[in-house]
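Chemist: If you scroll down you'll find the structure; I have some questions about it.
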Amino acid sequence: MLRFIVRRALQLIPTLGGLSILLFVWLQRLPGGPEYALLPDDATEEQREALRRALGLDEPFTVQYLAFLRRIAQGDLGASLQTGRPVLTEFWTRFPATFELSVTAMLIAVSVGVPLGYLAARRRGSALDFAAIGGSLLGICTPVFFLAFILKVIFAETLGWLPSAFRLSPGLTRTDITGFVLLDAVMTREWDVVWDGLVHLVLPGLALASIPLAVIVRMTRASVLEVLGEDYVRTADAKGLHRRTVRTRHVMRNAMLPVVTAVGLLTGSLFAGAVLTESVFAFPGIGSFVYSSTQERDYPALTGFILLIATMYVFINLLVDISYSLLDPRVRAQ
Amino acid sequence: MSSSTPLLSVDELSVVFRRRGAEATRAVDGVSFTLEEGRVTGLVGESGCGKSVTSLALMGLLPERGVTVGGSAVLRLPDGDVDLLSLPRRRMRDLRGSQMAMIFQDPLSSLNPVVPIGRQVTEILRRHRGLGGERARREAADLLYRVGIPDPTRRLREYPHQLSGGMRQRALIAMAVACRPRLMIADEPTTALDVTIQAQILELLRDLVTEEGTALLMITHDLGVVAGLCDDINVLYAGRAVERAPRSELFSDPTHPYTIGLLGSIPRLDAPRGDPLTPVRGSVNDNIAWSDGCAFAPRCDHYAMDCLQGPPELVGAAGGGAHVHRCVNPGGAARAEPEEAAGAAGADTGPEGASDAETGADDGAEHTAAVGEDEEGRA
């Protein structure tokens, strides 16, 4: 088991290496280098050339790339053009909100999607099955920002049941320890903050959950249908086991394997969807910042955020692989 | 045959599958037989004759929707007789695994790949015998040892993919016998195994029947298995029994043309090389409904107009006694010589075609040198 984890972790090195090369090439390819951004428009070509040399931009590709890697390794991702503060600082002030939102969305998607997919499979061809399939098709087709907008209009602005924007109600004070609102509030026992933080997560969480939910429903349904036809389920029935045991130990344990993989892949789409959802709900996560960075051509911020999110994605999939190998002994053996 | 009441009496069992937009299929069409304690009864026939469906119907494992089961199957239990076909599903779950058990064809796909062998054995002990924890584990190790799995405590921790084919089937047999069932059904338990392993598994089943007094229903298309293991044999064709006889009589004096054809299609070691095999001509799809006459008539070498005058009854064969067949015109068939048929049964291919090399229990080991086996050398 440990050997599997180590081997799988070592595979991250080439992945992250490739990622850094891609990002670096992307940076180099951007129109208008720093010699245009930093010098006034009327600077001469000699002045630009001098600056390029001073910044090391005339060095060969590999030398520049290694310098880039060295800076990343030191945690230096440059400064945001919008705020002038280090990109890493900007990231860590915003990431906790996005993380809480993504986890909420994934919890909704899994806790609703898996049971729904299971029921749809058990009652194949029933009204529930058709509703689940149709609903998930709708969920996949509806653009996240559109759904977010509809939810906001109905539940926040018309019915007034839920707040329409922000991470917390204005005027509410909280103790900041880690940056994660819910975690801090639980640690300091500020229960009003916990409640307020949860309430603010409902609408954006639902909007963001729509696509993963739809995928998980369909995936679970297809997977359960397949497993129900397996010989070992018939063996379990032939042993006279209780239906509950057959369902949990023999059907669901096997049916969950592809769903676990899907959850890992879906986290990628969650971060992408967060950008749009957060904009609609004025949610102070990385999404809104990435959105404004794109508008302002804040390349250092964009590069840094892409690097950090991609790294996180790679690590989440490492966790998924490890949990997969815990669930399926055949993977460990390979 | 013993004269006591049989353990299980199956009477006019029928199974009809209905699918929306398709004609109903009569997979089993009035099969009757009995099982006795300590005896092995064979259900023989080619693919599609309804033998597997019969076993699933008895176990209550057919799907709920789209299936109609008729007839009765009365199982004698200590606290009275029950009809398996009309029992509530919950009650069937109590009987399955404890009073009746089943062994399936493909041991790899019949085991849950992500649950350790030990768990798959102990879960049945917990369910029916209330054993838990260390006691269940000790009993499971005992069971594995009894079915011939070496180093059982280690095997309990392993997963199905870490076991060889023969060991997997042994593990499944261990689960089947875990609660000392009175009735055991084995559906082609050796089809997926190497020839030597086949012989070992059959020997194990035979021993279990002898030691525990279990009634075993052996479902197979392999006449070699039948010759080596079964005490009584039912030959099925198109969902109905066409001949029933004790083993020695069926092999020495088959009377139904279909049985004769099956025995004649077996390759024989004493036949000259290059002699073509004699298959049963046509395929199982070339039949007529039993209600119109004998379903086998279109493939039969000597059918007469009598054969198409309504369904033939099961009647006593020439030899008399327990030997019955469903044929109105049994005469004129070329009969297999008794000695040759019994000898040939060891190296049969079954009725499904003369090409698969399956070997029965009697002399399987003789043929294995070139084939190899897979019991050893895996871990």
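Numbering starts fresh at 1 for the residues of each chain in the structure tokens, the chains themselves are lettered A, B, ... in the order given, and ligands are numbered from 1 as they appear.
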Would you mind listing what lies within 7 Å of region 293-298 of chain B as a list of chain:residue names, with only C-alpha atoms counted and same-chain residues fewer than 4 positions away left out?
Modeler: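 Everything that qualifies: B:Ala238, B:Asp286, B:Asn287, B:Ile288, B:Ala289, B:Tyr303, B:Cys307, B:Leu308, B:Gln309, B:Gly310, B:Pro311, B:Pro312.
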Chemist: Please produce a file of the residues just selected, as a tab-separated table (two decimals), in the first residue's frame, where the atoms kept are C-alpha atoms.
Modeler:
chain	number	residue	atom	x	y	z
B	238	ALA	CA	-36.63	-27.60	-24.89
B	286	ASP	CA	-35.25	-26.19	-34.80
B	287	ASN	CA	-38.05	-27.35	-32.60
B	288	ILE	CA	-41.80	-27.18	-32.40
B	289	ALA	CA	-43.93	-26.31	-29.39
B	303	TYR	CA	-39.93	-39.55	-36.35
B	307	CYS	CA	-44.85	-37.71	-33.09
B	308	LEU	CA	-46.97	-34.73	-34.11
B	309	GLN	CA	-50.20	-35.87	-32.44
B	310	GLY	CA	-50.08	-33.64	-29.37
B	311	PRO	CA	-47.63	-33.64	-26.47
B	312	PRO	CA	-46.01	-37.02	-25.74
Chemist: Please, which residues of region 121-367 of chain B, numbered as in this document, come out alpha helix (DSSP H) from DSSP, as a PyMOL selection string?
Modeler: chain B and resi 121-129+133-146+152-157+165-177+195-212+223-229+247-252+257-264+338-344
Chemist: Hey, which bits of chain A sit within 10 Å of chain B, and for each residue what's the closest pair of atoms and how far apart in Å (one decimal), counting only C-alpha atoms, rows by chain and increasing number, as JSON lines?
Modeler:
{"residue": "A:Glu230", "atom": "CA", "partner": "B:Ser109", "partner_atom": "CA", "distance": 7.3}
{"residue": "A:Asp231", "atom": "CA", "partner": "B:Ser110", "partner_atom": "CA", "distance": 4.7}
{"residue": "A:Tyr232", "atom": "CA", "partner": "B:Ser110", "partner_atom": "CA", "distance": 4.1}
{"residue": "A:Val233", "atom": "CA", "partner": "B:Asn112", "partner_atom": "CA", "distance": 7.7}
{"residue": "A:Arg234", "atom": "CA", "partner": "B:Leu61", "partner_atom": "CA", "distance": 7.3}
{"residue": "A:Thr235", "atom": "CA", "partner": "B:Ser110", "partner_atom": "CA", "distance": 6.0}
{"residue": "A:Ala236", "atom": "CA", "partner": "B:Gln120", "partner_atom": "CA", "distance": 8.6}
{"residue": "A:Asp237", "atom": "CA", "partner": "B:Leu61", "partner_atom": "CA", "distance": 7.4}
{"residue": "A:Ala238", "atom": "CA", "partner": "B:Arg96", "partner_atom": "CA", "distance": 5.8}
{"residue": "A:Lys239", "atom": "CA", "partner": "B:Gly97", "partner_atom": "CA", "distance": 4.2}
{"residue": "A:Gly240", "atom": "CA", "partner": "B:Arg93", "partner_atom": "CA", "distance": 4.4}
{"residue": "A:Leu241", "atom": "CA", "partner": "B:Arg127", "partner_atom": "CA", "distance": 6.3}
{"residue": "A:His242", "atom": "CA", "partner": "B:Arg93", "partner_atom": "CA", "distance": 7.3}
{"residue": "A:Arg243", "atom": "CA", "partner": "B:Arg93", "partner_atom": "CA", "distance": 8.8}
{"residue": "A:Thr245", "atom": "CA", "partner": "B:Glu123", "partner_atom": "CA", "distance": 9.0}
{"residue": "A:Arg249", "atom": "CA", "partner": "B:Val115", "partner_atom": "CA", "distance": 8.0}
{"residue": "A:His250", "atom": "CA", "partner": "B:Asn112", "partner_atom": "CA", "distance": 6.7}
{"residue": "A:Val251", "atom": "CA", "partner": "B:Asn112", "partner_atom": "CA", "distance": 9.3}
{"residue": "A:Arg253", "atom": "CA", "partner": "B:Val114", "partner_atom": "CA", "distance": 7.7}
{"residue": "A:Asn254", "atom": "CA", "partner": "B:Val114", "partner_atom": "CA", "distance": 7.1}
{"residue": "A:Leu326", "atom": "CA", "partner": "B:Val114", "partner_atom": "CA", "distance": 9.4}
{"residue": "A:Leu327", "atom": "CA", "partner": "B:Val114", "partner_atom": "CA", "distance": 6.9}
{"residue": "A:Asp328", "atom": "CA", "partner": "B:Val114", "partner_atom": "CA", "distance": 5.4}
{"residue": "A:Pro329", "atom": "CA", "partner": "B:Val114", "partner_atom": "CA", "distance": 6.0}
{"residue": "A:Arg330", "atom": "CA", "partner": "B:His161", "partner_atom": "CA", "distance": 7.2}
{"residue": "A:Ala333", "atom": "CA", "partner": "B:Gln162", "partner_atom": "CA", "distance": 9.0}
Chemist: Would you output that residue set with N, CA and C atoms, as a compact mmCIF listing (two decimals), in the first residue's frame?
Modeler:
# COMPACT_ATOMS: atom_id res chain seq x y z
N GLU A 230 -24.15 -8.37 -12.04
CA GLU A 230 -22.94 -9.17 -11.86
C GLU A 230 -23.24 -10.48 -11.13
N ASP A 231 -22.43 -11.48 -11.44
CA ASP A 231 -22.61 -12.79 -10.81
C ASP A 231 -22.46 -12.73 -9.29
N TYR A 232 -21.52 -11.88 -8.81
CA TYR A 232 -21.29 -11.91 -7.36
C TYR A 232 -22.46 -11.35 -6.58
N VAL A 233 -23.28 -10.50 -7.22
CA VAL A 233 -24.49 -10.04 -6.54
C VAL A 233 -25.48 -11.21 -6.42
N ARG A 234 -25.55 -12.02 -7.47
CA ARG A 234 -26.40 -13.21 -7.42
C ARG A 234 -25.90 -14.18 -6.35
N THR A 235 -24.55 -14.32 -6.26
CA THR A 235 -23.99 -15.17 -5.21
C THR A 235 -24.41 -14.67 -3.84
N ALA A 236 -24.32 -13.34 -3.64
CA ALA A 236 -24.69 -12.77 -2.34
C ALA A 236 -26.16 -13.06 -2.04
N ASP A 237 -27.01 -12.96 -3.05
CA ASP A 237 -28.43 -13.29 -2.86
C ASP A 237 -28.60 -14.77 -2.58
N ALA A 238 -27.80 -15.60 -3.26
CA ALA A 238 -27.91 -17.05 -3.08
C ALA A 238 -27.48 -17.45 -1.67
N LYS A 239 -26.66 -16.60 -1.02
CA LYS A 239 -26.25 -16.89 0.34
C LYS A 239 -27.32 -16.47 1.34
N GLY A 240 -28.38 -15.85 0.85
CA GLY A 240 -29.48 -15.46 1.72
C GLY A 240 -29.18 -14.24 2.58
N LEU A 241 -28.15 -13.46 2.20
CA LEU A 241 -27.82 -12.28 2.99
C LEU A 241 -29.00 -11.30 2.97
N HIS A 242 -29.05 -10.47 4.01
CA HIS A 242 -30.12 -9.46 4.04
C HIS A 242 -29.96 -8.52 2.87
N ARG A 243 -31.06 -7.99 2.41
CA ARG A 243 -31.01 -7.09 1.26
C ARG A 243 -30.08 -5.91 1.52
N THR A 245 -27.37 -5.84 3.36
CA THR A 245 -25.97 -6.26 3.20
C THR A 245 -25.62 -6.39 1.72
N ARG A 249 -22.62 -3.88 0.84
CA ARG A 249 -21.31 -4.52 0.69
C ARG A 249 -21.07 -4.98 -0.74
N HIS A 250 -22.11 -5.46 -1.40
CA HIS A 250 -21.85 -6.09 -2.69
C HIS A 250 -22.19 -5.19 -3.87
N VAL A 251 -23.27 -4.42 -3.78
CA VAL A 251 -23.61 -3.56 -4.92
C VAL A 251 -22.87 -2.23 -4.83
N ARG A 253 -20.44 -0.98 -2.96
CA ARG A 253 -18.97 -0.90 -2.88
C ARG A 253 -18.35 -0.98 -4.25
N ASN A 254 -18.91 -1.81 -5.11
CA ASN A 254 -18.37 -1.92 -6.46
C ASN A 254 -18.85 -0.79 -7.36
N LEU A 326 -7.66 1.99 -2.08
CA LEU A 326 -8.17 1.44 -0.82
C LEU A 326 -9.46 0.67 -1.08
N LEU A 327 -10.26 1.16 -2.04
CA LEU A 327 -11.54 0.52 -2.33
C LEU A 327 -11.37 -0.72 -3.21
N ASP A 328 -10.39 -0.70 -4.09
CA ASP A 328 -10.26 -1.80 -5.03
C ASP A 328 -8.88 -2.46 -4.92
N PRO A 329 -8.83 -3.64 -4.32
CA PRO A 329 -7.54 -4.30 -4.11
C PRO A 329 -6.82 -4.65 -5.41
N ARG A 330 -7.57 -4.76 -6.51
CA ARG A 330 -6.93 -5.15 -7.77
C ARG A 330 -6.00 -4.07 -8.27
N ALA A 333 -2.51 -4.31 -6.74
CA ALA A 333 -1.69 -5.44 -7.18
C ALA A 333 -0.92 -5.13 -8.44
Chemist: Mind giving me the straight-line distance from CA of Arg53 (chain A) to CA of Pro40 (chain A) in Å, one decimal?
Modeler: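 Calculated distance between CA of Arg53 (chain A) and CA of Pro40 (chain A) is 17.3 Å.
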Chemist: Between A:Val87, A:Glu46, A:Ala214, A:Gly304, which one has atoms that come closest to Cys141 (chain A), using only C-alpha atoms?
Modeler: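 Smallest distance to Cys141 (chain A) is found for A:Ala214.
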Chemist: Residues near Arg124 (chain A), anyone? I mean within 12 Å using only C-alpha atoms, not counting same-chain ones fewer than 4 positions away, as a PyMOL selection string.
Modeler: (chain A and resi 116-120+128-133+221-222+224-225+228) or (chain B and resi 65)
Chemist: For N, CA and C atoms, I'd like the residues from the last selection saved as a JSON list (two decimals), in the first residue's frame.
Modeler:
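Now in out23.json:
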[["chain", "number", "residue", "atom", "x", "y", "z"],
["A", 116, "LEU", "N", -29.79, 9.26, -5.41],
["A", 116, "LEU", "CA", -30.73, 9.42, -6.53],
["A", 116, "LEU", "C", -30.37, 8.46, -7.67],
["A", 117, "GLY", "N", -29.09, 8.39, -7.99],
["A", 117, "GLY", "CA", -28.66, 7.47, -9.05],
["A", 117, "GLY", "C", -28.95, 6.03, -8.69],
["A", 118, "TYR", "N", -28.78, 5.69, -7.41],
["A", 118, "TYR", "CA", -29.05, 4.33, -6.96],
["A", 118, "TYR", "C", -30.54, 4.00, -7.11],
["A", 119, "LEU", "N", -31.39, 4.94, -6.64],
["A", 119, "LEU", "CA", -32.84, 4.69, -6.73],
["A", 119, "LEU", "C", -33.29, 4.59, -8.19],
["A", 120, "ALA", "N", -32.72, 5.46, -9.02],
["A", 120, "ALA", "CA", -33.09, 5.43, -10.44],
["A", 120, "ALA", "C", -32.75, 4.07, -11.05],
["A", 128, "LEU", "N", -39.52, 8.05, -11.41],
["A", 128, "LEU", "CA", -38.35, 8.59, -10.72],
["A", 128, "LEU", "C", -37.10, 8.51, -11.60],
["A", 129, "ASP", "N", -36.97, 7.37, -12.28],
["A", 129, "ASP", "CA", -35.83, 7.16, -13.17],
["A", 129, "ASP", "C", -35.82, 8.22, -14.28],
["A", 130, "PHE", "N", -36.98, 8.39, -14.91],
["A", 130, "PHE", "CA", -37.05, 9.38, -15.99],
["A", 130, "PHE", "C", -36.78, 10.78, -15.48],
["A", 131, "ALA", "N", -37.31, 11.10, -14.28],
["A", 131, "ALA", "CA", -37.08, 12.42, -13.70],
["A", 131, "ALA", "C", -35.59, 12.62, -13.44],
["A", 132, "ALA", "N", -34.93, 11.58, -12.92],
["A", 132, "ALA", "CA", -33.51, 11.70, -12.61],
["A", 132, "ALA", "C", -32.68, 11.90, -13.87],
["A", 133, "ILE", "N", -33.01, 11.12, -14.90],
["A", 133, "ILE", "CA", -32.26, 11.23, -16.15],
["A", 133, "ILE", "C", -32.51, 12.58, -16.81],
["A", 221, "ARG", "N", -26.10, 5.72, -11.59],
["A", 221, "ARG", "CA", -27.18, 4.91, -12.15],
["A", 221, "ARG", "C", -26.61, 3.84, -13.09],
["A", 222, "ALA", "N", -25.75, 4.27, -14.00],
["A", 222, "ALA", "CA", -25.18, 3.32, -14.96],
["A", 222, "ALA", "C", -24.36, 2.26, -14.24],
["A", 224, "VAL", "N", -24.55, 1.24, -11.05],
["A", 224, "VAL", "CA", -25.38, 0.33, -10.25],
["A", 224, "VAL", "C", -26.07, -0.68, -11.16],
["A", 225, "LEU", "N", -26.56, -0.21, -12.29],
["A", 225, "LEU", "CA", -27.23, -1.13, -13.22],
["A", 225, "LEU", "C", -26.28, -2.23, -13.65],
["A", 228, "LEU", "N", -25.59, -4.61, -10.63],
["A", 228, "LEU", "CA", -26.75, -5.45, -10.28],
["A", 228, "LEU", "C", -26.79, -6.72, -11.13],
["B", 65, "ARG", "N", -39.61, -9.11, -12.01],
["B", 65, "ARG", "CA", -40.47, -8.60, -13.08],
["B", 65, "ARG", "C", -40.32, -9.42, -14.34]]
Chemist: Could you go through region 76-322 of chain B and tell me which residues DSSP, when run on the backbone, assigns to strand (DSSP E or B), listing them as a ChimeraX atom specification?
Modeler: /B:76-77,80-83,96,100-103,183-187,215-220,232-237,240-246,315-316
Chemist: Generate the output file for the selected residues, N, CA and C atoms, as a compact mmCIF listing (two decimals), in the first residue's frame.
Modeler:
# COMPACT_ATOMS: atom_id res chain seq x y z
N ARG B 76 -38.70 -30.68 1.93
CA ARG B 76 -38.98 -31.22 3.26
C ARG B 76 -38.04 -30.59 4.27
N LEU B 77 -38.61 -29.88 5.25
CA LEU B 77 -37.82 -29.25 6.29
C LEU B 77 -38.17 -29.90 7.62
N GLY B 80 -41.69 -29.11 8.81
CA GLY B 80 -42.78 -29.21 7.84
C GLY B 80 -42.33 -28.91 6.42
N ASP B 81 -43.21 -29.23 5.48
CA ASP B 81 -42.88 -29.04 4.08
C ASP B 81 -43.18 -27.60 3.64
N VAL B 82 -42.37 -27.10 2.73
CA VAL B 82 -42.67 -25.78 2.16
C VAL B 82 -42.57 -25.87 0.64
N ASP B 83 -43.39 -25.07 -0.02
CA ASP B 83 -43.30 -24.98 -1.48
C ASP B 83 -42.42 -23.78 -1.83
N ARG B 96 -32.28 -19.68 1.86
CA ARG B 96 -31.09 -19.67 0.99
C ARG B 96 -29.84 -19.51 1.83
N MET B 100 -30.62 -24.41 1.68
CA MET B 100 -30.28 -24.70 0.29
C MET B 100 -29.19 -23.75 -0.18
N ALA B 101 -28.25 -24.28 -0.93
CA ALA B 101 -27.13 -23.45 -1.37
C ALA B 101 -26.87 -23.72 -2.83
N MET B 102 -26.15 -22.78 -3.46
CA MET B 102 -25.90 -22.94 -4.88
C MET B 102 -24.45 -22.62 -5.21
N ILE B 103 -23.91 -23.38 -6.15
CA ILE B 103 -22.55 -23.15 -6.64
C ILE B 103 -22.66 -22.80 -8.11
N LEU B 183 -29.94 -29.16 0.78
CA LEU B 183 -30.04 -29.21 -0.67
C LEU B 183 -28.95 -28.33 -1.28
N MET B 184 -28.24 -28.86 -2.25
CA MET B 184 -27.22 -28.07 -2.91
C MET B 184 -27.43 -28.16 -4.41
N ILE B 185 -27.33 -27.02 -5.08
CA ILE B 185 -27.46 -27.01 -6.53
C ILE B 185 -26.14 -26.55 -7.11
N ALA B 186 -25.59 -27.30 -8.04
CA ALA B 186 -24.34 -26.90 -8.67
C ALA B 186 -24.62 -26.71 -10.16
N ASP B 187 -24.45 -25.45 -10.62
CA ASP B 187 -24.74 -25.15 -12.02
C ASP B 187 -23.43 -25.13 -12.80
N ALA B 215 -28.48 -33.50 -0.54
CA ALA B 215 -28.99 -33.84 -1.87
C ALA B 215 -28.38 -32.85 -2.85
N LEU B 216 -27.73 -33.37 -3.89
CA LEU B 216 -27.08 -32.47 -4.85
C LEU B 216 -27.76 -32.54 -6.20
N LEU B 217 -28.14 -31.36 -6.68
CA LEU B 217 -28.66 -31.28 -8.04
C LEU B 217 -27.53 -30.77 -8.92
N MET B 218 -27.10 -31.60 -9.86
CA MET B 218 -25.95 -31.27 -10.68
C MET B 218 -26.44 -30.87 -12.06
N ILE B 219 -26.17 -29.63 -12.42
CA ILE B 219 -26.63 -29.15 -13.71
C ILE B 219 -25.44 -29.09 -14.65
N THR B 220 -25.53 -29.76 -15.78
CA THR B 220 -24.36 -29.82 -16.64
C THR B 220 -24.75 -30.19 -18.07
N ASP B 232 -28.73 -40.37 -10.43
CA ASP B 232 -29.89 -40.37 -11.32
C ASP B 232 -29.74 -39.24 -12.30
N ILE B 233 -30.29 -39.45 -13.49
CA ILE B 233 -30.09 -38.44 -14.53
C ILE B 233 -31.41 -38.07 -15.18
N ASN B 234 -31.63 -36.75 -15.34
CA ASN B 234 -32.75 -36.25 -16.12
C ASN B 234 -32.20 -35.59 -17.36
N VAL B 235 -32.66 -36.01 -18.52
CA VAL B 235 -32.23 -35.35 -19.75
C VAL B 235 -33.32 -34.37 -20.15
N LEU B 236 -32.91 -33.11 -20.33
CA LEU B 236 -33.88 -32.06 -20.66
C LEU B 236 -33.78 -31.71 -22.13
N TYR B 237 -34.94 -31.47 -22.75
CA TYR B 237 -34.91 -30.91 -24.09
C TYR B 237 -36.01 -29.88 -24.23
N ARG B 240 -38.35 -29.43 -21.23
CA ARG B 240 -39.04 -30.59 -20.66
C ARG B 240 -38.09 -31.75 -20.49
N ALA B 241 -38.36 -32.60 -19.50
CA ALA B 241 -37.56 -33.81 -19.34
C ALA B 241 -37.97 -34.80 -20.43
N VAL B 242 -37.00 -35.33 -21.16
CA VAL B 242 -37.34 -36.32 -22.19
C VAL B 242 -36.95 -37.73 -21.77
N GLU B 243 -36.04 -37.86 -20.81
CA GLU B 243 -35.70 -39.18 -20.33
C GLU B 243 -35.15 -39.08 -18.92
N ARG B 244 -35.50 -40.06 -18.10
CA ARG B 244 -34.97 -40.09 -16.74
C ARG B 244 -34.62 -41.53 -16.40
N ALA B 245 -33.42 -41.72 -15.86
CA ALA B 245 -33.01 -43.08 -15.52
C ALA B 245 -31.86 -43.03 -14.53
N PRO B 246 -31.65 -44.10 -13.77
CA PRO B 246 -30.42 -44.22 -13.00
C PRO B 246 -29.23 -44.21 -13.96
N VAL B 315 -43.43 -41.90 -20.28
CA VAL B 315 -43.89 -43.28 -20.07
C VAL B 315 -42.71 -44.18 -19.72
N GLY B 316 -43.02 -45.32 -19.13
CA GLY B 316 -41.97 -46.25 -18.76
C GLY B 316 -41.25 -46.76 -20.00
Chemist: Write out as a CSV table (one decimal) with N, CA and C atoms, in the first residue's frame the residues lying within 8 Å of region 312-319 of chain A, counting only C-alpha atoms and excluding same-chain residues fewer than 2 positions away.
Modeler:
chain,number,residue,atom,x,y,z
A,8,ARG,N,2.9,6.4,-6.8
A,8,ARG,CA,1.9,7.3,-7.4
A,8,ARG,C,2.3,8.8,-7.2
A,9,ALA,N,2.9,9.0,-6.0
A,9,ALA,CA,3.4,10.4,-5.7
A,9,ALA,C,4.5,10.8,-6.6
A,12,LEU,N,3.8,12.4,-9.8
A,12,LEU,CA,3.5,13.8,-9.9
A,12,LEU,C,4.6,14.7,-10.4
A,264,GLY,N,-13.0,13.0,-8.6
A,264,GLY,CA,-11.7,13.6,-8.8
A,264,GLY,C,-11.7,14.5,-10.0
A,265,LEU,N,-12.2,14.0,-11.1
A,265,LEU,CA,-12.1,14.8,-12.3
A,265,LEU,C,-13.1,16.0,-12.3
A,267,THR,N,-13.7,17.9,-9.7
A,267,THR,CA,-13.2,19.0,-9.0
A,267,THR,C,-12.6,20.1,-9.9
A,268,GLY,N,-12.0,19.6,-11.0
A,268,GLY,CA,-11.5,20.6,-12.0
A,268,GLY,C,-12.6,21.5,-12.5
A,308,LEU,N,-1.3,27.5,-9.1
A,308,LEU,CA,-1.7,26.9,-7.7
A,308,LEU,C,-2.9,26.0,-7.9
A,309,ILE,N,-3.9,26.4,-8.7
A,309,ILE,CA,-5.1,25.6,-8.9
A,309,ILE,C,-4.8,24.3,-9.6
A,310,ALA,N,-3.9,24.4,-10.6
A,310,ALA,CA,-3.5,23.1,-11.3
A,310,ALA,C,-2.8,22.2,-10.3
A,321,ASP,N,-6.9,8.7,-6.3
A,321,ASP,CA,-6.2,7.5,-6.7
A,321,ASP,C,-5.9,6.6,-5.5
A,322,ILE,N,-5.5,7.3,-4.4
A,322,ILE,CA,-5.2,6.5,-3.2
A,322,ILE,C,-6.5,5.9,-2.6
A,323,SER,N,-7.5,6.7,-2.6
A,323,SER,CA,-8.8,6.2,-2.0
A,323,SER,C,-9.3,5.1,-2.9
Chemist: From the list A:Thr62, A:Thr89, A:Ser325, A:Thr44, which residue is nearest Gly75 (chain A) when using only C-alpha atoms?
Modeler: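 Nearest to Gly75 (chain A): A:Thr89.
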Chemist: Determine, counting only C-alpha atoms, which protein, DNA and RNA residues have an atom within 6 Å of an atom of region 279-286 of chain A; residues of the same chain fewer than 6 positions away are not included. Present the result as number ranges by chain.
Modeler: A: 94-95, 97-98, 165-167
Chemist: Please write the residues from the selection above to a file, keeping C-alpha atoms, as a short mmCIF file (atom, residue, chain, number, x, y, z; two decimals), in the first residue's frame.
Modeler:
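New file selection_26.cif:
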data_model
loop_
_atom_site.label_atom_id
_atom_site.label_comp_id
_atom_site.auth_asym_id
_atom_site.auth_seq_id
_atom_site.Cartn_x
_atom_site.Cartn_y
_atom_site.Cartn_z
CA ARG A 94 -9.34 34.36 -1.38
CA PHE A 95 -8.79 30.64 -1.62
CA ALA A 97 -13.89 31.03 0.47
CA THR A 98 -13.61 29.17 -2.83
CA ALA A 165 -24.49 37.98 -2.07
CA PHE A 166 -21.24 37.97 -0.07
CA ARG A 167 -19.58 35.44 2.21
#
Chemist: Identify, on the basis of only C-alpha atoms, every residue whose closest approach to Leu81 (chain A) does not exceed 10 Å; exclude the query and any residue fewer than 2 positions from it along the same chain; express the result as number ranges by chain.
Modeler: A: 78-79, 83-87, 293, 296-301
Chemist: Applying 10 Å and only C-alpha atoms, which residues near Thr15 (chain A) remain after dropping the ones on its own chain fewer than 4 positions away? List them as an MDAnalysis selection string.
Modeler: chainID A and resid 10:11 19:20 311 314
